[in-house]
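For reference, the structure is listed below as C-alpha cells.
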Amino acid sequence: VSSGIKLVALWLSKAKSAVVFTGAGISTESGIPDFRSPGGVWTKYRTVYFDEFCRSAEARHEYWNQKTEAHTAFAAASPNIGHQTIAKWEQSGRVRGVITQNIDGLHQISGSKDVLELHGTAREAYCLDCDARFSIDPLVEHFRQTNEVPLCADCGEGRLKHATVSFGQMLPEKTLERAYQWCQEADLVISVGSSLVVHPAAGLPELAKRSGAKLVIINRDETGLDSMADMLIDGSCGEALAAIDAAL
Ligand code: NAD
Ligand code: ZN
C-alpha cells in the first residue's frame with residue numbers, strides 16, 4: 001500500500017465531517033461511459049438546450065430519442081466497489097454523505113442515503129407543467145414502442161422531461177445550498193472521478209479547500225484542481241477507494 005493511501009486513510013479516520021464528491025469517472029467501472037469517452041452516447045448527439053425542449057415538439061422528440069438510447073447503459077449498470085465503499089463509509093459514520101454530478105442513481109442503489117444530486121437524476125421524469133414526478137422505465141418503454149414522447153398522466157398534456165439538469169437549466173437550488181453548506185463545514189473532501197472543470201459543481205471541492213478542508217483527488221487524468229490538492233491519487237477510482245478502506 002502506498003504511503004499516500006495510508007495517509008488518506010488516516011485523515012479519513014480522524015475526520016469529523018468528511019464529504020465525498022463524485023463525477024462520471026466513478027461509474028465507468030460500472031460500464032457507463034464518462035463525458036469524454038470516444039463513441040459514448042454523450043458525445044454522439046447534438047445537445048438539446050432547455051429552451052428548445054420547452055418550445056419545440058421536434059426538439060422534445062430528439063431529446064427522448066437520445067435519452068432512450070442512454071437509458072440502455074443505465075438500466076444494465078450496477079454499482080461497483082467504489083460506490084459500495086462510499087456507502088459503507090456513510091453507514092459507519094465516516095462520511096456525511098456524497099455530493100455527485102452523476103445522474104445514474106448508482107450511489108443510492110449501492111446503499112448511500114444522503115446523496116446530493118447536483119445534476120438531477122435520469123431515473124425519474126418530471127412534468128414541466130404540473131411538477132408531477134414519474135419513474136423513468138415505463139416512459140422509456142412507451143417511447144420505444146410508440147416512438148412518441150410520453151405526456152403527463154397527472155395533468156393530461158404536460159411536457160415530460162428527464163429529471164436531469166439540461167444545458168440552459170439551473171441546478172436544483174436546495175440541493176446546491178446543502179452542498180455549499182457541507183463543503184463549508186467539511187474537514188476532508190475526497191473527489192472521485194471528476195475532471196473538476198464543470199461549474200458550478202467543480203467549485204464545491206474548491207470551496208471546501210478554501211474553508212479549511214483537506215482535499216484528496218482520485219482521478220486517472222489531470223483535473224482542474226490538482227494544484228490545490230493535499231493528495232493526488234492517480235489511478236482507478238474503485239481500486240483507490242478499496243485500498244483506502246483496507247488501510248483504515
Ligand atoms: P468528466 O467526464 O468531465 O470527468 C470524468 C473524469 O474521470 C475524467 O477526468 C476521467 O479521466 C476520469 N475517469 C474516468 N474513469 C475513471 C476511472 N475508472 N478511474 C479513475 N478516473 C477515471 O465527468 P464529470 O466531471 O463528472 O462531468 C461530466 C458531466 O456529464 C457531469 O456533470 C454529469 O452530469 C454528466 N455525466 C454523468 C454520467 C453518469 O451519471 N454516470 C456519465 C457521463 C456524464
Ligand atoms: Zn403534468
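Letters for chains follow the order of the C-alpha cells (A, B, ...), residue numbers begin at 1 for each chain, and ligand numbers begin at 1 in the order shown.
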For this session: Please identify every polymer residue within 7 Å of ligand 2, using only C-alpha atoms and all ligand atoms, and present the set as a list of chain:residue names.
Result: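 So, counting only C-alpha atoms and all ligand atoms, the residues near ligand 2 are A:Cys127, A:Leu128, A:Asp129, A:Cys130, A:Asp131, A:Ala132, A:Cys152, A:Ala153, A:Asp154, A:Cys155, A:Gly156, A:Glu157, A:Gly158, A:Arg159.
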Exercise. Residues within 6 Å of ligand 1 (only C-alpha atoms and all ligand atoms), as number ranges by chain?
Worked result: A: 23-29, 32-36, 101-104, 119, 193-196, 198, 219-221, 235-237
Seminar exercise, completed: Using only C-alpha atoms, the residue out of A:Arg60, A:Arg46, A:Lys88, A:His107 with shortest distance to Phe21 (chain A) is A:His107
Exercise. Using only C-alpha atoms, which of A:Lys6, A:Lys14, A:His199, A:Arg144 sits nearest Leu171 (chain A)?
Worked result: A:His199
Problem set entry | Pick from A:Thr68, A:Ser112, A:Lys174, A:Val165, whichever lies nearest to Pro138 (chain A) using only C-alpha atoms | A:Thr68
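Of the residues under consideration (A:Glu62, A:Asp187, A:Glu141, A:Glu173), A:Asp187 shows the shortest atom-to-atom contact distance to Val20 (chain A) when counting only C-alpha atoms.
In this structure, CA of Leu151 (chain A) sits 18.6 Å away from CA of Val48 (chain A).
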Exercise. For Ala213 (chain A), which of A:Gln84, A:Asn147, A:Ser78, A:Ser17 is the closest residue, counting only C-alpha atoms?
Worked result: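 Comparing A:Gln84, A:Asn147, A:Ser78, A:Ser17 against Ala213 (chain A), the winner is A:Ser17.
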Problem set entry | Counting only C-alpha atoms, the residue of A:Ala57, A:Leu204, A:Val197, A:Ile218 that sits nearest Tyr180 (chain A) |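 Counting only C-alpha atoms, the residue closest to Tyr180 (chain A) is A:Leu204.
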Problem set entry | Within 10 Å of Glu69 (chain A) using only C-alpha atoms, minus same-chain residues under 5 positions, as a list in words | Val41, Trp64, Phe74, Val140 and Arg144 of chain A
Residues as selected, C-alpha atoms, written as a compact mmCIF listing (two decimals), in the first residue's frame, can you do that?
```txt
# COMPACT_ATOMS: atom_id res chain seq x y z
CA VAL A 41 -23.74 8.24 -26.14
CA TRP A 64 -36.31 11.49 -25.83
CA PHE A 74 -28.05 2.93 -17.09
CA VAL A 140 -38.86 4.97 -21.91
CA ARG A 144 -39.56 2.67 -27.56
```
Exercise. So which bits of region 44-187 of chain A end up helix (DSSP H, G or I) when you DSSP the backbone, as a ChimeraX atom specification?
Worked result: /A:44,50-55,57-76,81-91,106-109,136-146,173-185
For this session: Give me the residues within 8 Å of Leu215 (chain A) as a list in words, counting only C-alpha atoms and dropping any in the same chain fewer than 5 places off.
Result: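 What passes the distance filter is Leu188, Val189, Ile190, Ser191, Pro205, Ala208, Lys209, Met228, Ala229, Asp230 and Met231 of chain A.
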Dump N, CA and C atoms for the selected residues as a PDB file, in the first residue's frame?
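After the write, out.pdb holds the following:
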```pdb
ATOM      1  N   LEU A 188     -12.641  17.325   5.408  1.00  0.00           N
ATOM      2  CA  LEU A 188     -11.985  16.493   4.391  1.00  0.00           C
ATOM      3  C   LEU A 188     -12.948  16.303   3.220  1.00  0.00           C
ATOM      4  N   VAL A 189     -12.449  16.538   2.013  1.00  0.00           N
ATOM      5  CA  VAL A 189     -13.247  16.240   0.822  1.00  0.00           C
ATOM      6  C   VAL A 189     -12.448  15.297  -0.066  1.00  0.00           C
ATOM      7  N   ILE A 190     -13.081  14.202  -0.463  1.00  0.00           N
ATOM      8  CA  ILE A 190     -12.444  13.260  -1.385  1.00  0.00           C
ATOM      9  C   ILE A 190     -13.188  13.332  -2.712  1.00  0.00           C
ATOM     10  N   SER A 191     -12.522  13.857  -3.731  1.00  0.00           N
ATOM     11  CA  SER A 191     -13.128  13.962  -5.060  1.00  0.00           C
ATOM     12  C   SER A 191     -12.749  12.732  -5.871  1.00  0.00           C
ATOM     13  N   PRO A 205     -15.588  21.393  -4.267  1.00  0.00           N
ATOM     14  CA  PRO A 205     -14.354  20.978  -3.587  1.00  0.00           C
ATOM     15  C   PRO A 205     -13.407  22.163  -3.348  1.00  0.00           C
ATOM     16  N   ALA A 208     -14.589  23.958  -0.289  1.00  0.00           N
ATOM     17  CA  ALA A 208     -14.215  23.201   0.911  1.00  0.00           C
ATOM     18  C   ALA A 208     -12.750  23.450   1.263  1.00  0.00           C
ATOM     19  N   LYS A 209     -11.914  23.401   0.248  1.00  0.00           N
ATOM     20  CA  LYS A 209     -10.481  23.616   0.467  1.00  0.00           C
ATOM     21  C   LYS A 209     -10.227  25.015   1.023  1.00  0.00           C
ATOM     22  N   MET A 228      -4.344  22.465  -6.069  1.00  0.00           N
ATOM     23  CA  MET A 228      -4.864  22.759  -4.718  1.00  0.00           C
ATOM     24  C   MET A 228      -4.880  21.535  -3.813  1.00  0.00           C
ATOM     25  N   ALA A 229      -4.676  20.352  -4.391  1.00  0.00           N
ATOM     26  CA  ALA A 229      -4.918  19.114  -3.644  1.00  0.00           C
ATOM     27  C   ALA A 229      -3.850  18.852  -2.587  1.00  0.00           C
ATOM     28  N   ASP A 230      -4.281  18.296  -1.445  1.00  0.00           N
ATOM     29  CA  ASP A 230      -3.341  17.840  -0.425  1.00  0.00           C
ATOM     30  C   ASP A 230      -2.806  16.467  -0.779  1.00  0.00           C
ATOM     31  N   MET A 231      -3.575  15.721  -1.579  1.00  0.00           N
ATOM     32  CA  MET A 231      -3.118  14.406  -2.031  1.00  0.00           C
ATOM     33  C   MET A 231      -3.764  14.088  -3.373  1.00  0.00           C
TER      34      MET A 231
END
```
Exercise. How many Å separate CA of Arg96 (chain A) from CA of Lys214 (chain A)?
Worked result: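 Between these atoms lies a distance of 15.0 Å.
Atom pair CA of Gln169 (chain A) / CA of Ala125 (chain A) has a distance of 15.0 Å (rounded to one decimal).
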For this session: For Ala242 (chain A), please output as a PyMOL selection string all residues within 8 Å (counting only C-alpha atoms; exclusion window: fewer than 2 positions along the same chain).
Result: chain A and resi 81-82+85+238-240+244-246
Could the residues in this selection be written to a file with C-alpha atoms, as an mmCIF file, in the first residue's frame?
```cif
data_model
loop_
_atom_site.group_PDB
_atom_site.id
_atom_site.type_symbol
_atom_site.label_atom_id
_atom_site.label_comp_id
_atom_site.auth_asym_id
_atom_site.auth_seq_id
_atom_site.Cartn_x
_atom_site.Cartn_y
_atom_site.Cartn_z
ATOM 1 C CA ILE A 81 -16.669 -1.395 -5.379
ATOM 2 C CA GLY A 82 -16.217 2.397 -5.463
ATOM 3 C CA THR A 85 -17.147 1.647 -0.338
ATOM 4 C CA GLY A 238 -12.676 1.612 -7.421
ATOM 5 C CA GLU A 239 -9.200 0.315 -6.620
ATOM 6 C CA ALA A 240 -8.177 3.510 -4.826
ATOM 7 C CA ILE A 244 -8.125 3.342 1.403
ATOM 8 C CA ASP A 245 -10.840 1.272 3.035
ATOM 9 C CA ALA A 246 -8.461 -1.638 3.583
#
```
